[in-house]
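Engineer: The file below is model-v9.tsv, TSV, C-alpha atoms and all ligand atoms:
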```
chain	number	residue	atom	x	y	z
I	11	MET	CA	16.66	2.36	-35.21
I	12	HIS	CA	14.13	1.22	-32.68
I	13	THR	CA	14.87	2.67	-29.23
I	14	LEU	CA	13.38	1.14	-26.13
I	15	GLU	CA	11.07	3.31	-24.11
I	16	ARG	CA	12.79	4.17	-20.87
I	17	ILE	CA	11.08	3.12	-17.66
I	18	ASP	CA	10.67	5.59	-14.82
I	19	VAL	CA	12.68	3.95	-12.05
I	20	LYS	CA	10.46	5.50	-9.37
I	21	GLY	CA	7.68	3.15	-10.40
I	22	LEU	CA	9.75	0.05	-9.68
I	23	ASP	CA	9.81	-1.59	-6.28
I	24	GLN	CA	12.46	-3.91	-4.92
I	25	GLU	CA	10.92	-6.96	-6.59
I	26	ASP	CA	10.63	-5.25	-9.98
I	27	LEU	CA	14.25	-4.13	-9.79
I	28	LYS	CA	15.38	-7.65	-8.92
I	29	VAL	CA	13.66	-8.95	-12.05
I	30	PHE	CA	15.05	-6.05	-14.08
I	31	PHE	CA	18.64	-6.77	-13.09
I	32	ALA	CA	18.22	-10.54	-13.39
I	33	LYS	CA	17.06	-10.06	-17.00
I	34	MET	CA	20.24	-8.09	-17.64
I	35	GLY	CA	22.29	-10.91	-16.17
I	36	GLU	CA	23.29	-8.74	-13.22
I	37	LYS	CA	23.55	-9.75	-9.58
I	38	ALA	CA	20.91	-8.87	-7.00
I	39	PHE	CA	23.20	-6.53	-5.03
I	40	ARG	CA	22.82	-4.03	-7.89
I	41	VAL	CA	19.31	-3.34	-6.61
I	42	LYS	CA	20.65	-2.08	-3.31
I	43	GLN	CA	23.26	0.04	-5.07
I	44	LEU	CA	20.81	1.67	-7.43
I	45	VAL	CA	18.14	2.26	-4.78
I	46	SER	CA	20.65	3.85	-2.48
I	47	TRP	CA	21.99	6.15	-5.23
I	48	ILE	CA	18.57	7.29	-6.32
I	49	TYR	CA	16.71	7.67	-3.05
I	50	ALA	CA	19.30	8.02	-0.29
I	51	ARG	CA	21.71	10.17	-2.32
I	52	GLY	CA	19.27	11.76	-4.74
I	53	ALA	CA	21.25	10.91	-7.89
I	54	THR	CA	19.67	12.10	-11.12
I	55	ASP	CA	22.59	11.17	-13.35
I	56	PHE	CA	24.02	7.67	-13.80
I	57	ASP	CA	27.50	9.15	-14.25
I	58	HIS	CA	27.59	9.96	-10.54
I	59	MET	CA	27.25	6.27	-9.63
I	60	THR	CA	30.95	5.71	-9.35
I	61	ASP	CA	30.74	2.23	-7.84
I	62	ILE	CA	28.94	0.95	-10.93
I	63	SER	CA	31.01	0.21	-14.03
I	64	LYS	CA	30.79	2.63	-16.92
I	65	VAL	CA	29.43	-0.05	-19.24
I	66	LEU	CA	26.62	-0.94	-16.88
I	67	ARG	CA	25.88	2.73	-16.19
I	68	GLN	CA	25.43	3.24	-19.89
I	69	LYS	CA	23.14	0.25	-20.21
I	70	LEU	CA	21.07	1.48	-17.29
I	71	ALA	CA	20.84	4.99	-18.74
I	72	GLU	CA	19.41	3.55	-21.93
I	73	ARG	CA	16.64	1.76	-20.08
I	74	LEU	CA	15.85	3.77	-16.97
I	75	ASP	CA	14.71	7.32	-16.40
I	76	ILE	CA	15.97	8.70	-13.07
I	77	SER	CA	15.12	12.36	-13.55
I	78	GLU	CA	13.47	14.29	-10.74
I	79	TRP	CA	10.25	16.31	-10.87
I	80	GLU	CA	10.22	20.05	-10.33
I	81	PRO	CA	7.03	21.70	-9.16
I	82	GLU	CA	5.55	23.94	-11.81
I	83	LEU	CA	4.33	26.27	-9.09
I	84	VAL	CA	5.07	26.73	-5.41
I	85	GLN	CA	2.90	28.68	-3.01
I	86	THR	CA	4.09	29.50	0.47
I	87	SER	CA	1.67	30.24	3.27
I	88	ARG	CA	2.27	32.72	6.08
I	89	ASP	CA	2.47	29.76	8.45
I	90	GLY	CA	5.22	28.08	6.41
I	91	THR	CA	3.00	25.55	4.64
I	92	GLU	CA	4.07	25.01	1.04
I	93	LYS	CA	1.85	23.83	-1.77
I	94	TYR	CA	3.40	22.32	-4.87
I	95	LEU	CA	1.69	21.95	-8.18
I	96	PHE	CA	3.06	19.25	-10.43
I	97	ARG	CA	2.28	19.05	-14.12
I	98	LEU	CA	1.92	15.47	-15.36
I	99	GLU	CA	3.01	14.17	-18.74
I	100	ASP	CA	-0.52	14.17	-20.12
I	101	GLY	CA	-1.07	17.78	-19.05
I	102	GLN	CA	-3.09	16.97	-15.91
I	103	SER	CA	-1.93	18.47	-12.65
I	104	ILE	CA	-1.87	17.42	-9.01
I	105	GLU	CA	-0.91	19.03	-5.74
I	106	ALA	CA	1.09	18.07	-2.68
I	107	VAL	CA	1.37	20.08	0.53
I	108	ARG	CA	4.23	20.24	3.02
I	109	ILE	CA	3.03	21.18	6.49
I	110	PRO	CA	5.68	22.18	9.02
I	111	MET	CA	5.11	20.62	12.45
I	112	ASP	CA	6.90	21.18	15.73
I	113	GLU	CA	10.49	20.09	16.42
I	114	GLY	CA	11.58	20.42	12.80
I	115	ARG	CA	9.18	17.76	11.56
I	116	SER	CA	7.22	18.19	8.36
I	117	THR	CA	4.25	16.23	7.09
I	118	LEU	CA	3.82	15.86	3.37
I	119	CYS	CA	0.28	15.40	2.11
I	120	ILE	CA	0.29	13.68	-1.27
I	121	SER	CA	-2.28	12.89	-3.94
I	122	THR	CA	-3.13	9.43	-5.24
I	123	GLN	CA	-5.50	10.29	-8.08
I	124	VAL	CA	-6.33	13.18	-10.39
I	125	GLY	CA	-9.75	14.09	-9.04
I	126	CYS	CA	-11.81	11.55	-7.11
I	127	ALA	CA	-14.81	9.39	-7.89
I	128	MET	CA	-16.32	9.34	-4.41
I	129	GLN	CA	-18.35	12.55	-4.70
I	130	CYS	CA	-18.38	13.56	-1.04
I	131	SER	CA	-20.65	16.57	-0.91
I	132	PHE	CA	-18.29	18.69	1.23
I	133	CYS	CA	-15.10	18.10	-0.78
I	134	LEU	CA	-13.78	20.27	-3.55
I	135	THR	CA	-11.69	17.48	-5.08
I	136	GLY	CA	-14.83	15.37	-5.31
I	137	THR	CA	-16.64	17.89	-7.47
I	138	PHE	CA	-14.35	17.16	-10.42
I	139	GLY	CA	-15.04	13.44	-10.52
I	140	LEU	CA	-12.27	10.97	-11.22
I	141	ILE	CA	-9.97	11.91	-14.07
I	142	ARG	CA	-7.46	9.12	-13.61
I	143	ASN	CA	-5.38	7.10	-11.18
I	144	LEU	CA	-1.82	8.18	-10.50
I	145	SER	CA	0.85	5.69	-11.42
I	146	THR	CA	3.19	4.40	-8.74
I	147	SER	CA	5.98	6.66	-9.97
I	148	GLU	CA	3.70	9.71	-9.93
I	149	ILE	CA	2.97	9.01	-6.26
I	150	VAL	CA	6.65	8.51	-5.38
I	151	HIS	CA	7.79	11.57	-7.36
I	152	GLN	CA	5.70	13.88	-5.18
I	153	VAL	CA	7.78	12.77	-2.21
I	154	THR	CA	11.22	12.87	-3.83
I	155	ALA	CA	10.58	16.28	-5.43
I	156	SER	CA	9.37	17.69	-2.10
I	157	LEU	CA	12.44	16.27	-0.36
I	158	THR	CA	14.70	18.34	-2.59
I	159	ARG	CA	13.01	21.43	-1.13
I	160	GLY	CA	13.07	20.57	2.56
I	161	PRO	CA	12.61	17.81	5.13
I	162	VAL	CA	9.72	15.37	5.11
I	163	THR	CA	9.32	13.24	8.22
I	164	ASN	CA	5.78	11.95	7.72
I	165	ILE	CA	3.67	11.19	4.69
I	166	VAL	CA	-0.11	11.30	4.59
I	167	MET	CA	-2.15	10.15	1.63
I	168	MET	CA	-4.78	12.81	2.18
I	169	GLY	CA	-4.38	14.92	-0.92
I	170	MET	CA	-6.48	14.48	-4.02
I	171	GLY	CA	-8.10	11.14	-4.56
I	172	GLU	CA	-9.24	8.00	-2.78
I	173	PRO	CA	-6.08	5.91	-2.25
I	174	LEU	CA	-7.99	2.64	-1.91
I	175	HIS	CA	-9.52	3.24	-5.31
I	176	ASN	CA	-5.97	2.95	-6.66
I	177	LEU	CA	-4.85	0.15	-4.38
I	178	ASP	CA	-2.17	-1.59	-6.48
I	179	ASN	CA	-0.24	1.57	-7.30
I	180	VAL	CA	-0.58	2.91	-3.77
I	181	VAL	CA	0.66	-0.31	-2.13
I	182	LYS	CA	3.64	-0.41	-4.47
I	183	ALA	CA	4.42	3.23	-3.68
I	184	ILE	CA	4.34	2.42	0.06
I	185	HIS	CA	6.84	-0.39	-0.55
I	186	ILE	CA	9.14	1.99	-2.43
I	187	LEU	CA	8.87	4.80	0.14
I	188	SER	CA	9.62	2.47	3.02
I	189	ASN	CA	12.53	0.60	1.43
I	190	SER	CA	15.29	0.54	4.03
I	191	ASP	CA	17.97	1.09	1.38
I	192	GLY	CA	16.16	4.09	-0.05
I	193	LEU	CA	13.91	6.73	1.50
I	194	LYS	CA	13.49	4.66	4.69
I	195	PHE	CA	10.05	5.92	5.68
I	196	SER	CA	9.02	3.44	8.32
I	197	LYS	CA	5.46	2.33	7.80
I	198	ARG	CA	4.55	4.07	11.04
I	199	ARG	CA	5.34	7.36	9.34
I	200	ILE	CA	3.03	6.75	6.38
I	201	THR	CA	-0.72	7.20	6.80
I	202	LEU	CA	-3.34	6.29	4.26
I	203	SER	CA	-6.70	8.01	4.55
I	204	THR	CA	-9.83	6.43	3.13
I	205	SER	CA	-13.46	7.35	2.80
I	206	GLY	CA	-14.28	3.75	3.76
I	207	LEU	CA	-14.06	1.30	0.87
I	208	VAL	CA	-14.52	-1.77	3.04
I	209	PRO	CA	-13.21	-4.66	0.87
I	210	GLU	CA	-10.16	-2.64	-0.19
I	211	MET	CA	-9.49	-1.69	3.43
I	212	LEU	CA	-9.29	-5.34	4.36
I	213	GLU	CA	-7.17	-6.08	1.31
I	214	LEU	CA	-4.80	-3.26	2.30
I	215	GLY	CA	-4.40	-4.80	5.74
I	216	ARG	CA	-3.46	-8.10	4.13
I	217	ARG	CA	-0.94	-6.56	1.76
I	218	VAL	CA	1.02	-3.94	3.67
I	219	GLU	CA	1.52	-2.47	7.11
I	220	VAL	CA	0.54	1.19	7.20
I	221	ASN	CA	-1.30	3.62	9.46
I	222	LEU	CA	-4.94	3.84	8.59
I	223	ALA	CA	-7.12	6.93	8.81
I	224	VAL	CA	-10.82	6.67	8.11
I	225	SER	CA	-12.88	9.71	7.18
I	226	LEU	CA	-15.93	9.11	9.34
I	227	ASN	CA	-17.56	12.54	9.32
I	228	ALA	CA	-20.98	11.41	10.56
I	229	THR	CA	-22.56	9.26	13.24
I	230	THR	CA	-25.76	8.18	11.50
I	231	ASP	CA	-26.21	6.49	8.15
I	232	GLU	CA	-28.67	9.17	7.21
I	233	VAL	CA	-26.17	12.01	7.53
I	234	ARG	CA	-23.26	9.95	6.20
I	235	ASP	CA	-25.26	8.91	3.13
I	236	MET	CA	-25.79	12.59	2.44
I	237	LEU	CA	-22.15	13.61	3.02
I	238	MET	CA	-20.41	10.56	1.59
I	239	PRO	CA	-22.23	8.49	-1.05
I	240	VAL	CA	-19.81	5.59	-0.36
I	241	ASN	CA	-21.83	5.04	2.81
I	242	ARG	CA	-24.74	3.74	0.75
I	243	ARG	CA	-22.51	0.86	-0.33
I	244	TYR	CA	-20.72	0.35	2.99
I	245	PRO	CA	-22.84	1.71	5.83
I	246	LEU	CA	-21.49	2.53	9.27
I	247	LYS	CA	-22.04	-0.93	10.71
I	248	GLU	CA	-19.96	-2.59	7.99
I	249	LEU	CA	-17.34	0.13	8.12
I	250	MET	CA	-16.87	-0.17	11.86
I	251	ALA	CA	-16.72	-3.98	11.62
I	252	ALA	CA	-13.92	-3.62	9.05
I	253	CYS	CA	-12.10	-1.24	11.39
I	254	ARG	CA	-12.34	-3.78	14.20
I	255	ALA	CA	-10.91	-6.43	11.86
I	256	PHE	CA	-8.09	-4.24	10.52
I	257	PRO	CA	-4.71	-5.65	11.60
I	258	LEU	CA	-2.94	-3.23	13.94
I	259	ARG	CA	0.46	-3.52	15.55
I	260	PRO	CA	0.46	-3.28	19.36
I	261	HIS	CA	-0.29	0.23	20.62
I	262	ARG	CA	-1.37	1.44	17.19
I	263	ARG	CA	-4.78	2.95	16.56
I	264	ILE	CA	-6.91	3.88	13.59
I	265	THR	CA	-7.38	7.62	13.21
I	266	PHE	CA	-10.98	8.61	12.65
I	267	GLU	CA	-11.14	11.93	10.86
I	268	TYR	CA	-14.26	13.82	11.69
I	269	ILE	CA	-14.96	17.05	9.84
I	270	LEU	CA	-17.18	19.22	11.96
I	271	ILE	CA	-19.71	20.99	9.77
I	272	GLY	CA	-21.80	23.68	11.46
I	273	GLY	CA	-25.32	22.44	12.22
I	274	VAL	CA	-24.84	19.17	10.29
I	275	ASN	CA	-22.80	16.81	12.46
I	276	ASP	CA	-21.45	18.90	15.34
I	277	SER	CA	-24.09	18.43	18.05
I	278	LEU	CA	-23.43	16.79	21.40
I	279	GLU	CA	-25.88	14.14	20.32
I	280	ASP	CA	-23.41	13.35	17.52
I	281	ALA	CA	-20.56	13.26	20.03
I	282	ARG	CA	-22.56	10.78	22.11
I	283	ARG	CA	-23.20	8.55	19.09
I	284	LEU	CA	-19.54	8.80	18.11
I	285	VAL	CA	-18.47	7.46	21.49
I	286	LYS	CA	-20.85	4.53	20.97
I	287	LEU	CA	-19.60	3.85	17.44
I	288	LEU	CA	-16.00	3.68	18.63
I	289	HIS	CA	-16.79	1.16	21.32
I	290	GLY	CA	-14.34	-1.74	21.02
I	291	VAL	CA	-12.32	-0.10	18.23
I	292	LYS	CA	-8.70	0.83	18.76
I	293	GLY	CA	-9.13	4.34	17.53
I	294	LYS	CA	-8.53	8.02	18.09
I	295	VAL	CA	-10.42	10.96	16.72
I	296	ASN	CA	-9.03	13.86	14.74
I	297	LEU	CA	-11.47	16.74	14.60
I	298	ILE	CA	-11.20	18.93	11.52
I	299	PRO	CA	-13.16	22.16	11.19
I	300	PHE	CA	-14.87	22.20	7.81
I	301	ASN	CA	-12.84	24.33	5.43
I	302	GLU	CA	-15.25	26.54	3.59
I	303	HIS	CA	-14.92	26.88	-0.15
I	304	THR	CA	-16.95	28.69	-2.76
I	305	GLY	CA	-19.53	26.43	-4.27
I	306	SER	CA	-20.34	24.74	-0.96
I	307	SER	CA	-23.12	25.91	1.30
I	308	PHE	CA	-21.66	24.03	4.30
I	309	ARG	CA	-20.21	26.17	7.04
I	310	SER	CA	-17.43	25.82	9.61
I	311	PRO	CA	-18.58	24.97	13.12
I	312	ALA	CA	-18.78	27.60	15.84
I	313	PRO	CA	-15.54	27.49	17.86
I	314	ALA	CA	-17.48	26.95	21.11
I	315	GLN	CA	-19.29	23.99	19.53
I	316	MET	CA	-15.98	22.46	18.52
I	317	ASP	CA	-14.65	22.88	22.06
I	318	ALA	CA	-17.75	21.26	23.51
I	319	PHE	CA	-17.57	18.36	21.05
I	320	GLN	CA	-13.92	17.70	21.84
I	321	THR	CA	-14.47	17.99	25.60
I	322	TYR	CA	-17.33	15.51	25.43
I	323	LEU	CA	-15.01	12.93	23.82
I	324	LEU	CA	-12.06	13.63	26.12
I	325	ASP	CA	-14.29	13.30	29.19
I	326	ARG	CA	-15.14	9.79	28.00
I	327	ASP	CA	-11.48	8.83	27.59
I	328	ILE	CA	-11.45	9.08	23.83
I	329	VAL	CA	-8.23	10.49	22.40
I	330	ALA	CA	-9.48	13.47	20.42
I	331	THR	CA	-7.11	15.91	18.78
I	332	ARG	CA	-7.82	18.89	16.61
I	333	ARG	CA	-6.31	19.40	13.23
I	334	ALA	CA	-4.82	22.85	13.03
I	335	SER	CA	-5.94	24.00	9.62
I	336	LYS	CA	-2.73	25.20	8.10
I	337	GLY	CA	-2.17	26.80	4.72
I	338	GLN	CA	-5.60	28.44	4.64
I	339	ASP	CA	-4.35	31.53	2.80
I	340	ILE	CA	-3.08	29.40	-0.09
I	341	SER	CA	-6.03	26.97	-0.18
I	342	ALA	CA	-3.78	24.14	0.91
I	343	ALA	CA	-5.96	22.81	3.72
I	344	CYS	CA	-7.73	19.47	3.65
I	345	GLY	CA	-10.28	19.11	0.93
I	346	GLN	CA	-9.23	22.25	-0.88
I	347	LEU	CA	-6.85	20.72	-3.37
I	348	LYS	CA	-8.02	20.92	-6.91
I	349	GLY	CA	-4.87	20.89	-8.98
I	350	LEU	CA	-5.91	23.51	-11.44
I	351	SER	CA	-3.16	26.04	-11.94
I	352	ASP	CA	-5.25	28.48	-13.88
I	353	ALA	CA	-7.70	28.87	-11.00
I	354	SER	CA	-5.64	31.48	-9.20
I	355	THR	CA	-3.55	34.43	-10.23
I	356	LYS	CA	-1.83	34.46	-6.87
I	357	LEU	CA	0.36	31.49	-7.70
I	358	LEU	CA	4.07	32.22	-7.73
I	359	PRO	CA	6.36	30.50	-10.19
I	360	ALA	CA	8.70	28.00	-8.55
I	361	SER	CA	12.10	29.49	-7.84
V	1	LIG	N1	-10.12	10.33	-0.11
V	1	LIG	C1	-9.50	10.13	1.14
V	1	LIG	C2	-8.26	10.98	1.34
V	1	LIG	C3	-8.30	12.36	0.78
V	1	LIG	S1	-9.46	13.46	1.53
V	1	LIG	C4	-10.48	10.37	2.27
V	1	LIG	O1	-11.58	10.84	2.01
V	1	LIG	O2	-10.14	10.06	3.41
V	1	LIG	C5	-8.55	13.88	3.00
V	1	LIG	C6	-9.39	14.44	4.12
V	1	LIG	O3	-9.90	15.73	3.79
V	1	LIG	C7	-10.59	13.59	4.46
V	1	LIG	O4	-10.59	13.30	5.84
V	1	LIG	C8	-11.76	14.49	4.13
V	1	LIG	O5	-12.86	14.19	4.95
V	1	LIG	C9	-11.16	15.87	4.35
V	1	LIG	N2	-11.87	16.96	3.71
V	1	LIG	C10	-12.39	16.98	2.47
V	1	LIG	N3	-12.98	18.18	2.22
V	1	LIG	C11	-12.82	18.93	3.35
V	1	LIG	C12	-13.17	20.24	3.71
V	1	LIG	N4	-13.80	21.05	2.87
V	1	LIG	N5	-12.84	20.68	4.94
V	1	LIG	C13	-12.16	19.88	5.80
V	1	LIG	N6	-11.77	18.63	5.49
V	1	LIG	C14	-12.09	18.15	4.28
V	2	LIG	FE1	-12.66	11.83	-2.54
V	2	LIG	FE2	-11.76	11.97	-0.01
V	2	LIG	FE3	-12.80	14.12	-1.24
V	2	LIG	FE4	-14.40	12.14	-0.55
V	2	LIG	S1	-13.20	13.43	0.85
V	2	LIG	S2	-14.43	13.20	-2.54
V	2	LIG	S3	-13.10	10.38	-0.90
V	2	LIG	S4	-10.95	13.05	-1.81
```
Starting from the coordinates I provided, produce the structure as structure tokens.
Structural biologist:
Amino acid sequence: MHTLERIDVKGLDQEDLKVFFAKMGEKAFRVKQLVSWIYARGATDFDHMTDISKVLRQKLAERLDISEWEPELVQTSRDGTEKYLFRLEDGQSIEAVRIPMDEGRSTLCISTQVGCAMQCSFCLTGTFGLIRNLSTSEIVHQVTASLTRGPVTNIVMMGMGEPLHNLDNVVKAIHILSNSDGLKFSKRRITLSTSGLVPEMLELGRRVEVNLAVSLNATTDEVRDMLMPVNRRYPLKELMAACRAFPLRPHRRITFEYILIGGVNDSLEDARRLVKLLHGVKGKVNLIPFNEHTGSSFRSPAPAQMDAFQTYLLDRDIVATRRASKGQDISAACGQLKGLSDASTKLLPAS
């Protein structure tokens, strides 16, 4: 007998589900019911969906997969940061990181690709090249699996991969995560970080409302070309023009991530150029000390240099925050995700 391949429900957005139910001859309100069971109540078994008839439950079970992911490994940092390693069906692996914030909030940093094609010279993920895009369901699963282990109030697409290099799947995942019948992440609580793929940035703005973070990391094309090869395609002038054109809701700003690398981009001359670059852009700056990793000759900035850089910006009325580098002891900080479970013997099996 030929059995249909079951579809992972976490890859289907509202529109897909509407079509799915319409094809079954079912009414549109079923979408709301199913979404609410799966995302708001975390159902992993159709039998629990008591307001759906047994016959329909059976039909759905034949076609849809609603199982939940379990991390293969969990590492917990001294500061409470948790790193999850997920094994994918084809044997690849990805990582997500939950970072506890103040007032009971937690930010979940998720991956959008296995590896990354952008080859930034400071980034560990970049050294592996692109292995493949994550599907929509693989992006959503990182969130739902993490939610079974603790709260998630904010989502940042700052794990492995360049989200705008996987635009269709990422946009669909944002729709699913923000569905008001499901996980209800308002789009203000989802941030997408990009290395600066200009056409895709503009396309993103047309397709979905989301917070945008841009990894700037340099103030001259010369240095940015060296740090981020994408700059050769879309140099600073084009990138900043795209940022000015990006649609923002009132009072929202683009976050410019700026990794400070000792002796490379951390001078006060850089700070001065940064102020100039941001002229006329609704933006704020997030300063990130370079996280050192073996294989990279770049170094973290001197703490005094970081203070001076931040003060320079603040004195010129630029909102400039500092990213506390959490999860250092488990290599969970920005740019350290590599998704290879065999790389460390310190990993603890998930409990
Ligand atoms: N590809 C996207 C999102 C993932 S990278 C992007 O580049 O924006 C997420 C962030 O990690 C980026 O801001 C990147 O600049 C930063 N990052 C990468 N390697 C780092 C390192 N070694 N130390 C500190 N930050 C790093
Ligand atoms: Fe890719 Fe972002 Fe790393 Fe650059 S910094 S290689 S774009 S993941």
Engineer: Fewer than 5 positions away in the same chain doesn't count, so skip those; otherwise give me all residues within 6 Å of range 135-139 of chain I, counting all atoms listed in the file, as a PyMOL selection string.
Structural biologist: chain I and resi 125-127+129-130+348
Engineer: Enumerate residues in contact with ligand LIG 1 (chain V): an atom-to-atom distance of at most 6 Å, counting only C-alpha atoms and all ligand atoms. Format the result as a ChimeraX atom specification.
Structural biologist: /I:132-133,168-172,203-205,224-225,267,269,298-302,344-345
Engineer: Using only C-alpha atoms, which residue out of I:Arg333, I:His151, I:Val166, I:Val208 lies closest to Ile186 in chain I?
Structural biologist: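 Looking at the shortest contact to Ile186 in chain I, the residue is I:His151.
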Engineer: Find the residues around Ala50 in chain I up to 10 Å (only C-alpha atoms counted), leave out those fewer than 2 positions away in its own chain, and share them as a list in words.
Structural biologist: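 Answer for this query is Leu44, Val45, Ser46, Trp47, Ile48, Gly52, Ala53, Ser190, Asp191, Gly192, Leu193 and Lys194 of chain I.
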Engineer: Based on the selection just made, write C-alpha atoms of those residues as an mmCIF file, in the coordinates of the input.
Structural biologist:
```cif
data_model
loop_
_atom_site.group_PDB
_atom_site.id
_atom_site.type_symbol
_atom_site.label_atom_id
_atom_site.label_comp_id
_atom_site.auth_asym_id
_atom_site.auth_seq_id
_atom_site.Cartn_x
_atom_site.Cartn_y
_atom_site.Cartn_z
ATOM 1 C CA LEU I 44 20.810 1.670 -7.430
ATOM 2 C CA VAL I 45 18.140 2.260 -4.780
ATOM 3 C CA SER I 46 20.650 3.850 -2.480
ATOM 4 C CA TRP I 47 21.990 6.150 -5.230
ATOM 5 C CA ILE I 48 18.570 7.290 -6.320
ATOM 6 C CA GLY I 52 19.270 11.760 -4.740
ATOM 7 C CA ALA I 53 21.250 10.910 -7.890
ATOM 8 C CA SER I 190 15.290 0.540 4.030
ATOM 9 C CA ASP I 191 17.970 1.090 1.380
ATOM 10 C CA GLY I 192 16.160 4.090 -0.050
ATOM 11 C CA LEU I 193 13.910 6.730 1.500
ATOM 12 C CA LYS I 194 13.490 4.660 4.690
#
```
Engineer: Point out the residue among I:Leu83, I:Ala183, I:Leu226, I:Ile328 with the least atom-to-atom distance to ligand LIG 2 (chain V), counting all atoms listed in the file.
Structural biologist: I:Leu226
Engineer: Provide range 265-270 of chain I rebuilt to all heavy atoms, formatted as a short mmCIF file (atom, residue, chain, number, x, y, z; two decimals), in the frame of the given file.
Structural biologist:
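Saved result, out_14.cif, follows:
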```cif
data_model
loop_
_atom_site.label_atom_id
_atom_site.label_comp_id
_atom_site.auth_asym_id
_atom_site.auth_seq_id
_atom_site.Cartn_x
_atom_site.Cartn_y
_atom_site.Cartn_z
N THR I 265 -6.95 6.22 13.02
CA THR I 265 -7.38 7.62 13.21
C THR I 265 -8.73 7.81 12.53
O THR I 265 -8.87 7.50 11.34
CB THR I 265 -6.36 8.59 12.57
OG1 THR I 265 -5.09 8.35 13.15
CG2 THR I 265 -6.76 10.04 12.78
N PHE I 266 -9.69 8.28 13.27
CA PHE I 266 -10.98 8.61 12.65
C PHE I 266 -11.04 10.11 12.43
O PHE I 266 -11.03 10.88 13.39
CB PHE I 266 -12.14 8.13 13.53
CG PHE I 266 -12.25 6.63 13.54
CD1 PHE I 266 -11.64 5.88 14.54
CD2 PHE I 266 -12.92 5.97 12.52
CE1 PHE I 266 -11.70 4.49 14.52
CE2 PHE I 266 -12.99 4.58 12.50
CZ PHE I 266 -12.37 3.84 13.50
N GLU I 267 -11.04 10.50 11.15
CA GLU I 267 -11.14 11.93 10.86
C GLU I 267 -12.62 12.29 10.90
O GLU I 267 -13.48 11.58 10.36
CB GLU I 267 -10.57 12.20 9.46
CG GLU I 267 -9.09 11.89 9.36
CD GLU I 267 -8.68 11.65 7.93
OE1 GLU I 267 -8.90 10.53 7.44
OE2 GLU I 267 -8.17 12.58 7.30
N TYR I 268 -12.86 13.39 11.57
CA TYR I 268 -14.26 13.82 11.69
C TYR I 268 -14.31 15.31 11.39
O TYR I 268 -13.85 16.14 12.17
CB TYR I 268 -14.76 13.52 13.12
CG TYR I 268 -16.26 13.62 13.27
CD1 TYR I 268 -17.06 12.49 13.18
CD2 TYR I 268 -16.87 14.86 13.49
CE1 TYR I 268 -18.44 12.59 13.31
CE2 TYR I 268 -18.24 14.96 13.63
CZ TYR I 268 -19.03 13.82 13.53
OH TYR I 268 -20.39 13.92 13.66
N ILE I 269 -14.81 15.64 10.20
CA ILE I 269 -14.96 17.05 9.84
C ILE I 269 -16.20 17.57 10.56
O ILE I 269 -17.27 16.98 10.42
CB ILE I 269 -15.25 17.26 8.34
CG1 ILE I 269 -14.27 16.49 7.47
CG2 ILE I 269 -15.20 18.73 7.97
CD1 ILE I 269 -14.59 16.68 6.00
N LEU I 270 -16.02 18.63 11.31
CA LEU I 270 -17.18 19.22 11.96
C LEU I 270 -17.78 20.26 11.02
O LEU I 270 -17.09 21.21 10.61
CB LEU I 270 -16.78 19.85 13.29
CG LEU I 270 -16.45 18.82 14.38
CD1 LEU I 270 -15.60 19.44 15.48
CD2 LEU I 270 -17.73 18.23 14.98
#
```
